[in-house]
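Visitor: My file is input33.json. It has JSON, C-alpha atoms:
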[["chain", "number", "residue", "atom", "x", "y", "z"],
["H", 157, "VAL", "CA", 5.93, 13.70, 34.13],
["H", 158, "TYR", "CA", 5.84, 14.88, 30.53],
["H", 159, "ILE", "CA", 6.06, 18.04, 28.41],
["H", 160, "GLN", "CA", 2.49, 19.31, 28.18],
["H", 161, "ASN", "CA", 3.13, 22.36, 26.02],
["H", 162, "TYR", "CA", 6.05, 24.04, 24.26],
["H", 163, "LYS", "CA", 6.63, 26.99, 21.99],
["H", 164, "PHE", "CA", 9.35, 28.30, 19.68],
["H", 165, "VAL", "CA", 9.05, 31.94, 18.63],
["H", 166, "LEU", "CA", 11.39, 33.80, 16.31],
["H", 167, "ASP", "CA", 12.65, 36.99, 17.97],
["H", 168, "LYS", "CA", 11.29, 39.96, 16.00],
["H", 169, "GLU", "CA", 14.44, 41.96, 16.76],
["H", 170, "ASN", "CA", 16.96, 39.25, 15.87],
["H", 171, "GLU", "CA", 16.36, 36.50, 13.29],
["H", 172, "ASN", "CA", 19.25, 34.49, 14.77],
["H", 173, "THR", "CA", 17.44, 34.15, 18.12],
["H", 174, "VAL", "CA", 14.59, 31.79, 18.96],
["H", 175, "LEU", "CA", 12.60, 32.21, 22.17],
["H", 176, "PHE", "CA", 11.78, 28.86, 23.75],
["H", 177, "SER", "CA", 9.29, 27.98, 26.48],
["H", 178, "ALA", "CA", 7.93, 24.70, 27.78],
["H", 179, "GLU", "CA", 5.57, 23.57, 30.51],
["H", 180, "LEU", "CA", 5.35, 20.19, 32.22],
["H", 181, "ASN", "CA", 2.07, 18.54, 33.19],
["H", 182, "SER", "CA", 2.94, 19.08, 36.87],
["H", 183, "LYS", "CA", 4.95, 21.46, 39.06],
["H", 184, "ASN", "CA", 8.31, 19.70, 38.98],
["H", 185, "SER", "CA", 11.41, 21.85, 39.43],
["H", 186, "GLY", "CA", 14.90, 20.90, 38.34],
["H", 187, "LYS", "CA", 13.83, 18.77, 35.38],
["H", 188, "LYS", "CA", 16.17, 19.06, 32.39],
["H", 189, "ILE", "CA", 14.72, 19.54, 28.91],
["H", 190, "ASP", "CA", 17.19, 19.09, 26.04],
["H", 191, "VAL", "CA", 16.26, 20.86, 22.80],
["H", 192, "SER", "CA", 17.94, 19.83, 19.56],
["H", 193, "PHE", "CA", 17.77, 20.96, 15.93],
["H", 194, "PRO", "CA", 19.85, 18.19, 14.26],
["H", 195, "GLU", "CA", 20.08, 19.83, 10.80],
["H", 196, "LEU", "CA", 21.32, 23.08, 12.35],
["H", 197, "LYS", "CA", 23.68, 21.26, 14.75],
["H", 198, "VAL", "CA", 22.15, 23.13, 17.68],
["H", 199, "LYS", "CA", 21.56, 21.55, 21.09],
["H", 200, "GLN", "CA", 20.72, 23.33, 24.31],
["H", 201, "SER", "CA", 19.41, 22.41, 27.77],
["H", 202, "PHE", "CA", 16.82, 24.17, 29.92],
["H", 203, "THR", "CA", 15.81, 23.49, 33.53],
["H", 204, "THR", "CA", 12.28, 23.78, 34.89],
["H", 205, "ASP", "CA", 11.41, 26.14, 37.73],
["H", 206, "GLU", "CA", 9.11, 25.50, 40.72],
["H", 207, "GLU", "CA", 6.08, 25.88, 38.41],
["H", 208, "GLY", "CA", 7.35, 23.16, 36.07],
["H", 209, "LYS", "CA", 8.17, 25.74, 33.38],
["H", 210, "ALA", "CA", 11.37, 26.33, 31.44],
["H", 211, "SER", "CA", 12.27, 29.16, 29.08],
["H", 212, "GLY", "CA", 15.19, 30.89, 27.42],
["H", 213, "THR", "CA", 16.78, 31.81, 24.12],
["H", 214, "ILE", "CA", 18.44, 29.66, 21.47],
["H", 215, "LYS", "CA", 20.99, 31.22, 19.13],
["H", 216, "ILE", "CA", 20.75, 29.82, 15.60],
["H", 217, "LYS", "CA", 22.89, 31.00, 12.69],
["H", 218, "ASN", "CA", 21.87, 30.82, 9.03],
["H", 219, "LEU", "CA", 18.22, 30.14, 9.78],
["H", 220, "SER", "CA", 16.17, 29.83, 6.59],
["H", 221, "LEU", "CA", 12.83, 31.58, 7.06],
["H", 222, "TRP", "CA", 9.59, 29.90, 5.98],
["H", 223, "SER", "CA", 7.61, 31.49, 3.13],
["H", 224, "PRO", "CA", 5.25, 30.25, 0.39],
["H", 225, "GLU", "CA", 8.22, 30.30, -2.02],
["H", 226, "ASN", "CA", 10.50, 28.57, 0.50],
["H", 227, "PRO", "CA", 8.44, 26.40, 2.89],
["H", 228, "LYS", "CA", 11.47, 25.37, 4.94],
["H", 229, "LEU", "CA", 10.72, 23.21, 7.99],
["H", 230, "TYR", "CA", 13.20, 22.01, 10.59],
["H", 231, "SER", "CA", 13.09, 18.84, 12.66],
["H", 232, "VAL", "CA", 13.24, 19.52, 16.39],
["H", 233, "GLU", "CA", 13.63, 17.09, 19.29],
["H", 234, "LEU", "CA", 12.74, 17.75, 22.93],
["H", 235, "MET", "CA", 14.09, 15.24, 25.44],
["H", 236, "LEU", "CA", 12.84, 14.86, 29.02],
["H", 237, "ASP", "CA", 14.39, 11.99, 30.97],
["H", 238, "GLU", "CA", 14.42, 9.18, 28.37],
["H", 239, "GLU", "CA", 11.40, 10.36, 26.39],
["H", 240, "ILE", "CA", 11.94, 12.17, 23.08],
["H", 241, "LEU", "CA", 9.25, 14.36, 21.54],
["H", 242, "GLU", "CA", 9.74, 15.09, 17.81],
["H", 243, "ASP", "CA", 8.20, 17.84, 15.70],
["H", 244, "THR", "CA", 8.76, 19.82, 12.50],
["H", 245, "ILE", "CA", 8.53, 23.60, 12.56],
["H", 246, "GLY", "CA", 9.18, 26.62, 10.38],
["H", 247, "PHE", "CA", 10.26, 30.09, 11.43],
["H", 248, "ARG", "CA", 8.80, 33.31, 10.07],
["H", 249, "ASN", "CA", 7.84, 36.82, 11.13],
["H", 250, "ILE", "CA", 4.31, 38.02, 10.37],
["H", 251, "GLU", "CA", 3.25, 41.60, 11.08],
["H", 252, "THR", "CA", 0.74, 44.12, 9.83],
["H", 253, "SER", "CA", 1.32, 47.68, 8.69],
["H", 254, "GLY", "CA", -1.93, 49.49, 8.02],
["H", 255, "LYS", "CA", -3.77, 47.22, 5.57],
["H", 256, "LYS", "CA", -0.60, 45.34, 4.56],
["H", 257, "ILE", "CA", 0.50, 41.94, 5.81],
["H", 258, "ILE", "CA", 4.28, 41.78, 6.17],
["H", 259, "LEU", "CA", 5.95, 38.36, 5.94],
["H", 260, "ASN", "CA", 9.64, 38.26, 6.86],
["H", 261, "GLY", "CA", 9.95, 42.00, 6.32],
["H", 262, "LYS", "CA", 8.22, 42.10, 2.90],
["H", 263, "PRO", "CA", 4.57, 42.82, 1.98],
["H", 264, "ILE", "CA", 2.67, 39.77, 0.76],
["H", 265, "TYR", "CA", -0.49, 39.74, -1.33],
["H", 266, "LEU", "CA", -2.79, 36.92, -0.24],
["H", 267, "ARG", "CA", -4.39, 34.80, -2.96],
["H", 268, "GLY", "CA", -6.61, 32.17, -1.44],
["H", 269, "ILE", "CA", -9.85, 30.32, -0.97],
["H", 270, "SER", "CA", -12.04, 29.08, 1.89],
["H", 271, "ILE", "CA", -12.01, 25.38, 2.66],
["H", 272, "HIS", "CA", -14.61, 23.50, 4.69],
["H", 273, "GLU", "CA", -13.49, 20.41, 6.58],
["H", 274, "GLU", "CA", -15.19, 18.04, 4.14],
["H", 275, "LYS", "CA", -13.89, 15.17, 2.05],
["H", 276, "PRO", "CA", -14.12, 16.00, -1.64],
["H", 277, "TYR", "CA", -15.09, 12.41, -2.43],
["H", 278, "GLY", "CA", -17.32, 10.18, -0.33],
["H", 279, "GLY", "CA", -18.57, 12.78, 2.14],
["H", 280, "GLY", "CA", -17.72, 13.18, 5.80],
["H", 281, "ARG", "CA", -14.92, 15.04, 7.54],
["H", 282, "ALA", "CA", -11.55, 15.59, 5.92],
["H", 283, "ASN", "CA", -9.51, 14.05, 8.72],
["H", 284, "SER", "CA", -6.39, 12.50, 7.22],
["H", 285, "ALA", "CA", -3.12, 13.66, 5.70],
["H", 286, "GLU", "CA", -4.34, 12.35, 2.32],
["H", 287, "ASP", "CA", -7.54, 14.43, 2.52],
["H", 288, "ALA", "CA", -5.52, 17.52, 3.38],
["H", 289, "GLN", "CA", -3.03, 16.91, 0.56],
["H", 290, "LEU", "CA", -5.82, 16.58, -2.00],
["H", 291, "LEU", "CA", -7.70, 19.72, -0.93],
["H", 292, "LEU", "CA", -4.55, 21.81, -0.57],
["H", 293, "SER", "CA", -3.05, 20.60, -3.85],
["H", 294, "TRP", "CA", -6.18, 21.94, -5.58],
["H", 295, "ALA", "CA", -5.63, 25.28, -3.85],
["H", 296, "LYS", "CA", -2.01, 25.30, -5.08],
["H", 297, "GLU", "CA", -3.17, 24.51, -8.63],
["H", 298, "LEU", "CA", -5.42, 27.58, -8.45],
["H", 299, "GLY", "CA", -2.40, 29.74, -7.60],
["H", 300, "CYS", "CA", -3.22, 30.18, -3.91],
["H", 301, "ASN", "CA", -0.60, 31.12, -1.34],
["H", 302, "TYR", "CA", -3.06, 30.89, 1.59],
["H", 303, "VAL", "CA", -6.26, 29.15, 2.67],
["H", 304, "ARG", "CA", -9.02, 30.08, 5.11],
["H", 305, "LEU", "CA", -10.16, 27.14, 7.22],
["H", 306, "ALA", "CA", -13.84, 27.81, 7.90],
["H", 307, "HIS", "CA", -15.38, 28.06, 10.52],
["H", 308, "TYR", "CA", -13.27, 26.52, 13.28],
["H", 309, "PRO", "CA", -9.78, 25.00, 13.61],
["H", 310, "HIS", "CA", -9.59, 22.01, 11.27],
["H", 311, "ASN", "CA", -7.81, 18.73, 11.83],
["H", 312, "GLU", "CA", -4.10, 19.12, 12.62],
["H", 313, "TYR", "CA", -3.19, 17.40, 9.33],
["H", 314, "MET", "CA", -4.56, 20.36, 7.38],
["H", 315, "VAL", "CA", -2.21, 22.86, 9.02],
["H", 316, "ARG", "CA", 0.80, 20.54, 8.90],
["H", 317, "GLU", "CA", 0.32, 19.75, 5.20],
["H", 318, "ALA", "CA", -0.23, 23.44, 4.42],
["H", 319, "GLU", "CA", 3.09, 24.25, 6.10],
["H", 320, "LYS", "CA", 4.87, 21.64, 3.95],
["H", 321, "MET", "CA", 3.23, 22.93, 0.77],
["H", 322, "GLY", "CA", 3.95, 26.62, 1.37],
["H", 323, "LEU", "CA", 0.41, 27.76, 2.17],
["H", 324, "LEU", "CA", -0.36, 30.34, 4.85],
["H", 325, "VAL", "CA", -3.39, 29.41, 6.98],
["H", 326, "TRP", "CA", -6.18, 31.57, 8.35],
["H", 327, "SER", "CA", -7.65, 29.37, 11.09],
["H", 328, "GLU", "CA", -10.84, 30.54, 12.77],
["H", 329, "ILE", "CA", -12.47, 30.04, 16.14],
["H", 330, "PRO", "CA", -16.12, 28.85, 16.06],
["H", 331, "VAL", "CA", -17.69, 32.23, 16.81],
["H", 332, "TYR", "CA", -20.12, 32.77, 13.94],
["H", 333, "TRP", "CA", -23.87, 32.70, 13.31],
["H", 334, "THR", "CA", -26.53, 32.85, 16.04],
["H", 335, "ILE", "CA", -24.06, 34.20, 18.60],
["H", 336, "ALA", "CA", -25.34, 36.08, 21.68],
["H", 337, "TRP", "CA", -23.23, 39.18, 20.97],
["H", 338, "GLU", "CA", -24.94, 41.17, 23.74],
["H", 339, "ASN", "CA", -23.68, 38.66, 26.35],
["H", 340, "PRO", "CA", -20.29, 39.78, 27.78],
["H", 341, "GLU", "CA", -19.41, 36.14, 28.45],
["H", 342, "THR", "CA", -19.49, 35.54, 24.69],
["H", 343, "LEU", "CA", -16.61, 37.98, 24.14],
["H", 344, "GLU", "CA", -14.60, 36.41, 26.99],
["H", 345, "ASN", "CA", -15.23, 32.96, 25.55],
["H", 346, "ALA", "CA", -14.02, 34.12, 22.11],
["H", 347, "LYS", "CA", -10.87, 35.70, 23.61],
["H", 348, "ARG", "CA", -10.12, 32.46, 25.47],
["H", 349, "GLN", "CA", -10.54, 30.43, 22.27],
["H", 350, "LEU", "CA", -8.08, 32.72, 20.45],
["H", 351, "THR", "CA", -5.51, 32.12, 23.20],
["H", 352, "ASP", "CA", -6.14, 28.37, 23.31],
["H", 353, "ASN", "CA", -5.81, 28.13, 19.50],
["H", 354, "ARG", "CA", -2.21, 29.38, 19.45]]
If you took the structure in this file and wrote it as structure tokens, what would it be?
Guide:
Amino acid sequence: VYIQNYKFVLDKENENTVLFSAELNSKNSGKKIDVSFPELKVKQSFTTDEEGKASGTIKIKNLSLWSPENPKLYSVELMLDEEILEDTIGFRNIETSGKKIILNGKPIYLRGISIHEEKPYGGGRANSAEDAQLLLSWAKELGCNYVRLAHYPHNEYMVREAEKMGLLVWSEIPVYWTIAWENPETLENAKRQLTDNR
């Protein structure tokens, strides 16, 4: 039994509240999941239901929100039985208002470039943290605060390094070129990919 999926979402109404949800790989009720943010000195337990899911809220004071100017990430630990899952995450609110993108309550002007998942030297796929650091450092040197990852979700390193470097990411699903737009299954497939990509 293990944690198959988990999510932390900042409450849009209260920046001191994080909404947590997790799902096990099987329908096991009564399993305890301990969630800890060591830097914030926050620890809380959740119990799975008959579907193997757990959810609830976590109150966190003095949370520093992620932005390009302040790319603050927090270490988080999830413990199930004796197994500990570790991750690093940032918290932010992103909304739209007309044509404006609002980040943490303030409009942000995006300055960015498109990046293909290609190594700048030697050819092939950019599939390491070093590849991501090189490509994204060039974007930072150009004054970018965001990058578009064309034309599909890139390697996980790209998103993780962008988060560390203060770059917003526009990640795409592979619905482009020679698509059977008249086929209703195409739209359903695209919607499913958007959900799976979150």
Visitor: Which polymer residues have any atom within 7 Å of an atom of H:Tyr308, counting all atoms listed in the file, with same-chain residues fewer than 2 positions away left out, as a ChimeraX atom specification?
Guide: /H:305-306,310,327-330
Visitor: Please produce a file of those selected residues containing C-alpha atoms, as a short mmCIF file (atom, residue, chain, number, x, y, z; two decimals), in the frame of the given file.
Guide:
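The new file result-v1.cif reads:
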data_model
loop_
_atom_site.label_atom_id
_atom_site.label_comp_id
_atom_site.auth_asym_id
_atom_site.auth_seq_id
_atom_site.Cartn_x
_atom_site.Cartn_y
_atom_site.Cartn_z
CA LEU H 305 -10.16 27.14 7.22
CA ALA H 306 -13.84 27.81 7.90
CA HIS H 310 -9.59 22.01 11.27
CA SER H 327 -7.65 29.37 11.09
CA GLU H 328 -10.84 30.54 12.77
CA ILE H 329 -12.47 30.04 16.14
CA PRO H 330 -16.12 28.85 16.06
#
Visitor: For each of H:Gln349, H:Leu219, H:Glu179, H:Ser192, take the minimum atom-to-atom distance to H:Glu206, counting only C-alpha atoms, then give the residue where this is smallest.
Guide: H:Glu179
Visitor: With a distance cut-off of 10 Å and only C-alpha atoms, select the neighbouring residues of H:Glu319, excluding the residue or stretch itself and same-chain residues fewer than 2 positions from it, and output the selection as a ChimeraX atom specification.
Guide: /H:222-224,227-229,244-246,313-317,321-325
Visitor: Atom CA of H:Asn172 and atom CA of H:Asn218, how far apart in Å?
Guide: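 Interatomic distance, atom CA of H:Asn218 to atom CA of H:Asn172: 7.3 Å.
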Visitor: Would you mind reading off the distance between atom CA of H:Glu233 and atom CA of H:Phe193, one decimal, in Å?
Guide: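 Distance reported for this atom pair: 6.6 Å.
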Visitor: Could you jot down the atom CA of H:Lys183 to atom CA of H:Glu312 separation for me, Å, one decimal place?
Guide: 28.0 Å
Visitor: From the set H:Trp326, H:Trp337, H:Tyr277, H:Tyr158, which residue has the shortest atom-to-atom contact distance to H:His307, counting only C-alpha atoms?
Guide: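 Among H:Trp326, H:Trp337, H:Tyr277, H:Tyr158, it is H:Trp326 that comes nearest to H:His307.
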